[in-house]
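Below is one structure, written out as structure tokens; comments come after it.
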Amino acid sequence: MLRAWYFSTILVLLACVQDAVGLQRATEDLGAERRRMVEQQLRGRDIGEPRVLDAMLAVPRHLFVPESVRPQAYDDSPLPIGYDQTISQPYIVAFMTQALNVESNHRVLEIGTGSGYQAAVLSLLAGRVYTIEIVAPLAAGARRTLADLGYRNVEVRTGNGYLGWPEHAPYDRIMVTAAPDQVPPALVQQLKVGGLMAIPVGTVRQQLQILRRTPTAMETLSTLPVRFVPMTGKP
Ligand SMILES: C[S@@+](CC[C@H](N)C(=O)[O-])C[C@H]1O[C@@H](n2cnc3c(N)ncnc32)[C@H](O)[C@@H]1O
């Protein structure tokens with residue numbers, strides 16, 4: 001009797017150790033995939049800003065995507081996150097982040113929280129990140145993921161990004177990750193003079209525009225052809 005108990009206890013312990021080793025190996029594999037993503041997809045292209053590369057290396061992208069696409073989390077492509085929406089390709093996340101030159105005292109507004117991944121990357125560079133998502137369940141999911149992973153300087157709001165978030169304006173930086181057909185006037189008003197905005201503008205295909213607010217106008221610094229999901233809820 002005692003012998004049977006002894007053996008079954010040993011078997012349970014062995015299974016636990018095996019599970020722990022399996023989990024450890026899976027975590028290491030994902031870390032290696034993330035390092036490969038940074039080296040090949042980012043540094044191998046034109047992402048050279050060390051703070052951006054460090055942030056992309058630090059954020060566990062696989063925890064921001066649905067389990068069904070987790071094996072593809074570090075692929076060089078956007079992925080579905082439900083509700084007909086996507087998490088952007090890692091290169092585009094890094095490119096937009098680098099273009100905004102975010103500093104540690106900056107207040108950043110993101111439009112289009114989606115999974116919360118881009119907000120997490122921004123949160124490692126900025127003082128505070130405010131992010132707005134129009135699809136309520138996505139906003140709730142992102143809020144939960146960000147809290148679970150300890151990103152404390154990010155606030156998620158369910159709402160319409162066309163209106164911005166006036167309570168915390170003006171912003172040093174604004175990043176829009178869904179495509180409107182024109183730059184929303186409220187976002188221009190809520191950007192500091194001298195502040196930068198990254199925004200894909202257009203319908204089916206868009207130009208990613210990097211804009212700077214001057215005292216009298218919005219200056220275009222650069223553009224890149226991109227494809228984002230449309231910004232919905234135009235007032
Ligand atoms: C390409 S996804 C953004 C990916 C996201 N930044 C991430 O890291 O997962 C675009 C998101 O913008 C949201 N969106 C579209 N129109 C919006 C609006 N008017 N206000 C706020 N969010 C909007 C979509 O629901 C979608 O989740």
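FYI, nothing fancy with the structure tokens labels: chains A, B, ... in order, residues from 1 per chain, ligands from 1 as they appear.
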If you take only C-alpha atoms and all ligand atoms and a cut-off of 6 Å, which residues of chain A touch ligand 1, and what are their nearest atom pairs and distances in Å to one decimal, in chain and number order, as a Markdown table?
```
| residue | atom | partner | partner_atom_place_in_ligand_line | distance |
| --- | --- | --- | --- | --- |
| A:Gln85 | CA | ligand 1 | 26 (C) | 5.1 |
| A:Thr86 | CA | ligand 1 | 2 (S) | 4.9 |
| A:Ile87 | CA | ligand 1 | 9 (O) | 3.8 |
| A:Ser88 | CA | ligand 1 | 1 (C) | 5.3 |
| A:Ile111 | CA | ligand 1 | 21 (C) | 5.2 |
| A:Gly112 | CA | ligand 1 | 12 (O) | 3.2 |
| A:Thr113 | CA | ligand 1 | 6 (N) | 4.7 |
| A:Gly114 | CA | ligand 1 | 27 (O) | 3.4 |
| A:Ser115 | CA | ligand 1 | 9 (O) | 3.7 |
| A:Gly116 | CA | ligand 1 | 8 (O) | 4.8 |
| A:Tyr117 | CA | ligand 1 | 8 (O) | 3.9 |
| A:Gln118 | CA | ligand 1 | 8 (O) | 3.8 |
| A:Ile132 | CA | ligand 1 | 21 (C) | 5.1 |
| A:Glu133 | CA | ligand 1 | 22 (N) | 3.7 |
| A:Ile134 | CA | ligand 1 | 21 (C) | 4.1 |
| A:Val135 | CA | ligand 1 | 25 (O) | 5.1 |
| A:Asn160 | CA | ligand 1 | 20 (N) | 3.9 |
| A:Gly161 | CA | ligand 1 | 20 (N) | 3.5 |
| A:Tyr162 | CA | ligand 1 | 19 (N) | 5.3 |
| A:Thr177 | CA | ligand 1 | 3 (C) | 5.0 |
| A:Ala178 | CA | ligand 1 | 10 (C) | 4.5 |
| A:Phe228 | CA | ligand 1 | 1 (C) | 5.6 |
| A:Val229 | CA | ligand 1 | 1 (C) | 5.5 |
| A:Met231 | CA | ligand 1 | 16 (N) | 3.5 |
| A:Thr232 | CA | ligand 1 | 16 (N) | 4.0 |
| A:Gly233 | CA | ligand 1 | 19 (N) | 4.9 |
```
How would the residues just chosen look if you wrote them out with N, CA and C atoms as an mmCIF file, in the first residue's frame?
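File again25.cif, as written:
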```
data_model
loop_
_atom_site.group_PDB
_atom_site.id
_atom_site.type_symbol
_atom_site.label_atom_id
_atom_site.label_comp_id
_atom_site.auth_asym_id
_atom_site.auth_seq_id
_atom_site.Cartn_x
_atom_site.Cartn_y
_atom_site.Cartn_z
ATOM 1 N N GLN A 85 -10.069 42.494 -37.018
ATOM 2 C CA GLN A 85 -8.963 43.434 -36.790
ATOM 3 C C GLN A 85 -7.642 42.677 -36.743
ATOM 4 N N THR A 86 -6.560 43.417 -36.799
ATOM 5 C CA THR A 86 -5.236 42.792 -36.840
ATOM 6 C C THR A 86 -4.266 43.476 -35.879
ATOM 7 N N ILE A 87 -3.230 42.722 -35.499
ATOM 8 C CA ILE A 87 -2.052 43.297 -34.844
ATOM 9 C C ILE A 87 -1.081 43.556 -36.001
ATOM 10 N N SER A 88 -0.453 44.741 -36.023
ATOM 11 C CA SER A 88 0.381 45.101 -37.175
ATOM 12 C C SER A 88 1.657 44.264 -37.235
ATOM 13 N N ILE A 111 -4.224 55.819 -31.239
ATOM 14 C CA ILE A 111 -5.595 55.530 -31.692
ATOM 15 C C ILE A 111 -5.581 54.139 -32.318
ATOM 16 N N GLY A 112 -6.427 53.223 -31.787
ATOM 17 C CA GLY A 112 -6.474 51.855 -32.300
ATOM 18 C C GLY A 112 -5.654 50.909 -31.434
ATOM 19 N N THR A 113 -6.132 50.678 -30.212
ATOM 20 C CA THR A 113 -5.402 49.838 -29.246
ATOM 21 C C THR A 113 -5.227 48.412 -29.750
ATOM 22 N N GLY A 114 -6.291 47.870 -30.398
ATOM 23 C CA GLY A 114 -6.250 46.478 -30.880
ATOM 24 C C GLY A 114 -5.882 45.526 -29.765
ATOM 25 N N SER A 115 -4.744 44.843 -29.941
ATOM 26 C CA SER A 115 -4.288 43.858 -28.951
ATOM 27 C C SER A 115 -3.632 44.503 -27.731
ATOM 28 N N GLY A 116 -3.181 45.766 -27.898
ATOM 29 C CA GLY A 116 -2.417 46.427 -26.817
ATOM 30 C C GLY A 116 -0.915 46.340 -27.022
ATOM 31 N N TYR A 117 -0.481 45.610 -28.068
ATOM 32 C CA TYR A 117 0.970 45.393 -28.267
ATOM 33 C C TYR A 117 1.726 46.692 -28.536
ATOM 34 N N GLN A 118 1.216 47.499 -29.473
ATOM 35 C CA GLN A 118 1.910 48.749 -29.789
ATOM 36 C C GLN A 118 1.962 49.657 -28.556
ATOM 37 N N ILE A 132 -6.860 54.466 -27.312
ATOM 38 C CA ILE A 132 -8.317 54.405 -27.507
ATOM 39 C C ILE A 132 -8.660 53.315 -28.517
ATOM 40 N N GLU A 133 -9.660 52.498 -28.184
ATOM 41 C CA GLU A 133 -10.105 51.424 -29.076
ATOM 42 C C GLU A 133 -11.637 51.504 -29.189
ATOM 43 N N ILE A 134 -12.113 51.421 -30.448
ATOM 44 C CA ILE A 134 -13.554 51.571 -30.669
ATOM 45 C C ILE A 134 -14.321 50.258 -30.427
ATOM 46 N N VAL A 135 -13.643 49.112 -30.553
ATOM 47 C CA VAL A 135 -14.317 47.809 -30.347
ATOM 48 C C VAL A 135 -14.173 47.431 -28.863
ATOM 49 N N ASN A 160 -14.179 56.525 -29.491
ATOM 50 C CA ASN A 160 -13.938 56.846 -30.884
ATOM 51 C C ASN A 160 -12.724 57.762 -31.012
ATOM 52 N N GLY A 161 -11.687 57.221 -31.622
ATOM 53 C CA GLY A 161 -10.433 57.952 -31.755
ATOM 54 C C GLY A 161 -10.524 59.216 -32.590
ATOM 55 N N TYR A 162 -11.565 59.352 -33.420
ATOM 56 C CA TYR A 162 -11.711 60.598 -34.189
ATOM 57 C C TYR A 162 -11.788 61.803 -33.255
ATOM 58 N N THR A 177 -3.206 53.926 -35.602
ATOM 59 C CA THR A 177 -2.912 52.618 -36.199
ATOM 60 C C THR A 177 -4.122 52.046 -36.942
ATOM 61 N N ALA A 178 -5.037 52.925 -37.354
ATOM 62 C CA ALA A 178 -6.114 52.573 -38.282
ATOM 63 C C ALA A 178 -6.169 53.750 -39.254
ATOM 64 N N PHE A 228 -3.359 49.541 -43.763
ATOM 65 C CA PHE A 228 -3.961 49.388 -42.425
ATOM 66 C C PHE A 228 -5.463 49.140 -42.577
ATOM 67 N N VAL A 229 -6.070 48.619 -41.509
ATOM 68 C CA VAL A 229 -7.538 48.500 -41.508
ATOM 69 C C VAL A 229 -8.110 49.922 -41.430
ATOM 70 N N MET A 231 -10.145 53.264 -40.358
ATOM 71 C CA MET A 231 -10.601 53.868 -39.101
ATOM 72 C C MET A 231 -12.119 54.033 -39.242
ATOM 73 N N THR A 232 -12.856 53.393 -38.346
ATOM 74 C CA THR A 232 -14.317 53.408 -38.437
ATOM 75 C C THR A 232 -14.873 54.498 -37.516
ATOM 76 N N GLY A 233 -16.190 54.730 -37.645
ATOM 77 C CA GLY A 233 -16.871 55.642 -36.704
ATOM 78 C C GLY A 233 -16.663 57.109 -37.030
#
```
Contacts of Gly195 in chain A at 10 Å or less, counting only C-alpha atoms, minus same-chain residues fewer than 3 places along, as a list in words?
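What passes the distance filter is Leu100, His106, Pro170, Tyr171, Asp172, Arg173, Ile174, Val188, Gln190, Leu191, Lys192, Leu211, Arg212, Arg213, Thr214 and Met218 of chain A.
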Check the DSSP output for the backbone and give back, as a PyMOL selection string, the residues of range 20-216 of chain A in strand (DSSP E).
chain A and resi 79-82+85-87+107-111+128-133+154-158+171-176+191-201+206-213
Arg36 in chain A surroundings by only C-alpha atoms, 12 Å radius, close-in-sequence under 2 positions cut, as a ChimeraX atom specification:
/A:29-34,38-44,53,56-57,74-76,90
Expected file: the selected residues, N, CA, C and O atoms, as a compact mmCIF listing (two decimals), in the first residue's frame:
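What ended up in out09.txt:
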```txt
# COMPACT_ATOMS: atom_id res chain seq x y z
N ASP A 29 12.31 29.07 -26.44
CA ASP A 29 12.14 29.07 -27.89
C ASP A 29 11.54 30.38 -28.34
O ASP A 29 11.96 30.97 -29.33
N LEU A 30 10.52 30.87 -27.60
CA LEU A 30 9.86 32.12 -28.00
C LEU A 30 10.81 33.30 -27.84
O LEU A 30 10.81 34.21 -28.66
N GLY A 31 11.65 33.26 -26.79
CA GLY A 31 12.66 34.32 -26.61
C GLY A 31 13.62 34.33 -27.79
O GLY A 31 13.96 35.39 -28.32
N ALA A 32 14.01 33.15 -28.23
CA ALA A 32 14.93 33.05 -29.38
C ALA A 32 14.25 33.56 -30.64
O ALA A 32 14.86 34.27 -31.45
N GLU A 33 12.97 33.23 -30.79
CA GLU A 33 12.24 33.71 -31.98
C GLU A 33 12.14 35.23 -31.97
O GLU A 33 12.22 35.89 -33.00
N ARG A 34 11.96 35.80 -30.76
CA ARG A 34 11.86 37.26 -30.64
C ARG A 34 13.20 37.92 -30.99
O ARG A 34 13.24 38.92 -31.67
N VAL A 38 13.93 40.53 -34.09
CA VAL A 38 14.59 41.84 -33.97
C VAL A 38 15.79 41.92 -34.92
O VAL A 38 15.97 42.91 -35.63
N GLU A 39 16.58 40.85 -34.97
CA GLU A 39 17.78 40.89 -35.83
C GLU A 39 17.43 40.94 -37.31
O GLU A 39 17.93 41.77 -38.05
N GLN A 40 16.53 40.03 -37.72
CA GLN A 40 16.29 39.89 -39.17
C GLN A 40 15.29 40.91 -39.70
O GLN A 40 15.52 41.55 -40.72
N GLN A 41 14.17 41.05 -39.00
CA GLN A 41 13.09 41.90 -39.56
C GLN A 41 13.30 43.38 -39.26
O GLN A 41 12.78 44.22 -39.95
N LEU A 42 14.03 43.70 -38.16
CA LEU A 42 14.14 45.10 -37.75
C LEU A 42 15.55 45.63 -38.02
O LEU A 42 15.75 46.46 -38.88
N ARG A 43 16.53 45.11 -37.27
CA ARG A 43 17.90 45.61 -37.47
C ARG A 43 18.37 45.33 -38.90
O ARG A 43 19.06 46.14 -39.50
N GLY A 44 17.92 44.20 -39.46
CA GLY A 44 18.30 43.84 -40.83
C GLY A 44 17.71 44.79 -41.87
O GLY A 44 18.11 44.77 -43.02
N LEU A 53 14.74 49.01 -30.52
CA LEU A 53 15.10 47.59 -30.64
C LEU A 53 14.95 46.90 -29.28
O LEU A 53 14.43 45.79 -29.18
N MET A 56 11.28 46.34 -28.53
CA MET A 56 10.71 45.26 -29.34
C MET A 56 11.20 43.89 -28.84
O MET A 56 10.50 42.89 -28.96
N LEU A 57 12.40 43.89 -28.26
CA LEU A 57 12.95 42.65 -27.71
C LEU A 57 12.27 42.31 -26.38
O LEU A 57 12.11 41.14 -26.02
N TYR A 74 5.86 35.70 -34.10
CA TYR A 74 7.07 36.44 -34.47
C TYR A 74 7.33 36.42 -35.97
O TYR A 74 8.43 36.75 -36.42
N ASP A 75 6.28 36.05 -36.74
CA ASP A 75 6.42 36.09 -38.21
C ASP A 75 6.45 37.53 -38.69
O ASP A 75 6.00 38.45 -38.00
N ASP A 76 6.93 37.69 -39.92
CA ASP A 76 7.08 39.02 -40.52
C ASP A 76 5.77 39.45 -41.17
O ASP A 76 5.71 39.75 -42.36
N PRO A 90 5.44 43.36 -37.13
CA PRO A 90 6.44 43.92 -36.20
C PRO A 90 7.24 45.08 -36.81
O PRO A 90 7.50 46.08 -36.13
```
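For the pair CA of Leu79 in chain A and CA of Val183 in chain A, the separation is 25.5 Å.
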Please report the interatomic distance between CA of Ser222 in chain A and CA of Val52 in chain A in Å with one decimal.
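Here the two named atoms are 18.9 Å from each other.
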Got a sec: who's within 8 Å of Arg61 in chain A, counting only C-alpha atoms, leaving out chain neighbours fewer than 2 positions off, as a PDB file with N, CA, C and O atoms, in the first residue's frame?
```pdb
ATOM      1  N   VAL A  59       9.058  43.173 -25.280  1.00  0.00           N
ATOM      2  CA  VAL A  59       7.605  42.927 -25.186  1.00  0.00           C
ATOM      3  C   VAL A  59       7.256  41.550 -25.762  1.00  0.00           C
ATOM      4  O   VAL A  59       7.557  41.257 -26.920  1.00  0.00           O
ATOM      5  N   LEU A  63       2.054  36.985 -26.258  1.00  0.00           N
ATOM      6  CA  LEU A  63       0.997  37.071 -25.242  1.00  0.00           C
ATOM      7  C   LEU A  63      -0.080  38.087 -25.618  1.00  0.00           C
ATOM      8  O   LEU A  63      -1.057  38.263 -24.893  1.00  0.00           O
ATOM      9  N   PHE A  64       0.093  38.776 -26.741  1.00  0.00           N
ATOM     10  CA  PHE A  64      -0.900  39.754 -27.196  1.00  0.00           C
ATOM     11  C   PHE A  64      -1.762  39.212 -28.338  1.00  0.00           C
ATOM     12  O   PHE A  64      -2.633  39.912 -28.816  1.00  0.00           O
ATOM     13  N   VAL A  65      -1.481  37.977 -28.793  1.00  0.00           N
ATOM     14  CA  VAL A  65      -2.257  37.434 -29.922  1.00  0.00           C
ATOM     15  C   VAL A  65      -3.091  36.243 -29.431  1.00  0.00           C
ATOM     16  O   VAL A  65      -2.749  35.612 -28.430  1.00  0.00           O
ATOM     17  N   ALA A  73       3.444  34.243 -33.927  1.00  0.00           N
ATOM     18  CA  ALA A  73       3.538  35.564 -33.284  1.00  0.00           C
ATOM     19  C   ALA A  73       4.732  36.377 -33.743  1.00  0.00           C
ATOM     20  O   ALA A  73       4.675  37.602 -33.780  1.00  0.00           O
ATOM     21  N   TYR A  74       5.857  35.698 -34.101  1.00  0.00           N
ATOM     22  CA  TYR A  74       7.067  36.444 -34.470  1.00  0.00           C
ATOM     23  C   TYR A  74       7.334  36.421 -35.971  1.00  0.00           C
ATOM     24  O   TYR A  74       8.430  36.749 -36.420  1.00  0.00           O
ATOM     25  N   TYR A 117      -0.481  45.610 -28.068  1.00  0.00           N
ATOM     26  CA  TYR A 117       0.970  45.393 -28.267  1.00  0.00           C
ATOM     27  C   TYR A 117       1.726  46.692 -28.536  1.00  0.00           C
ATOM     28  O   TYR A 117       2.744  46.973 -27.893  1.00  0.00           O
TER      29      TYR A 117
END
```
Apply DSSP to the backbone of this structure and, from range 31-226 of chain A, keep only the residues in alpha helix (DSSP H); write these as an NGL selection string.
:A and (31-36 or 50-58 or 90-100 or 117-123 or 136-148 or 185-189)
Distance criterion (only C-alpha atoms): nearest to Met197 in chain A out of A:Val108, A:Ala136, A:Met37, A:Ala55:
A:Val108
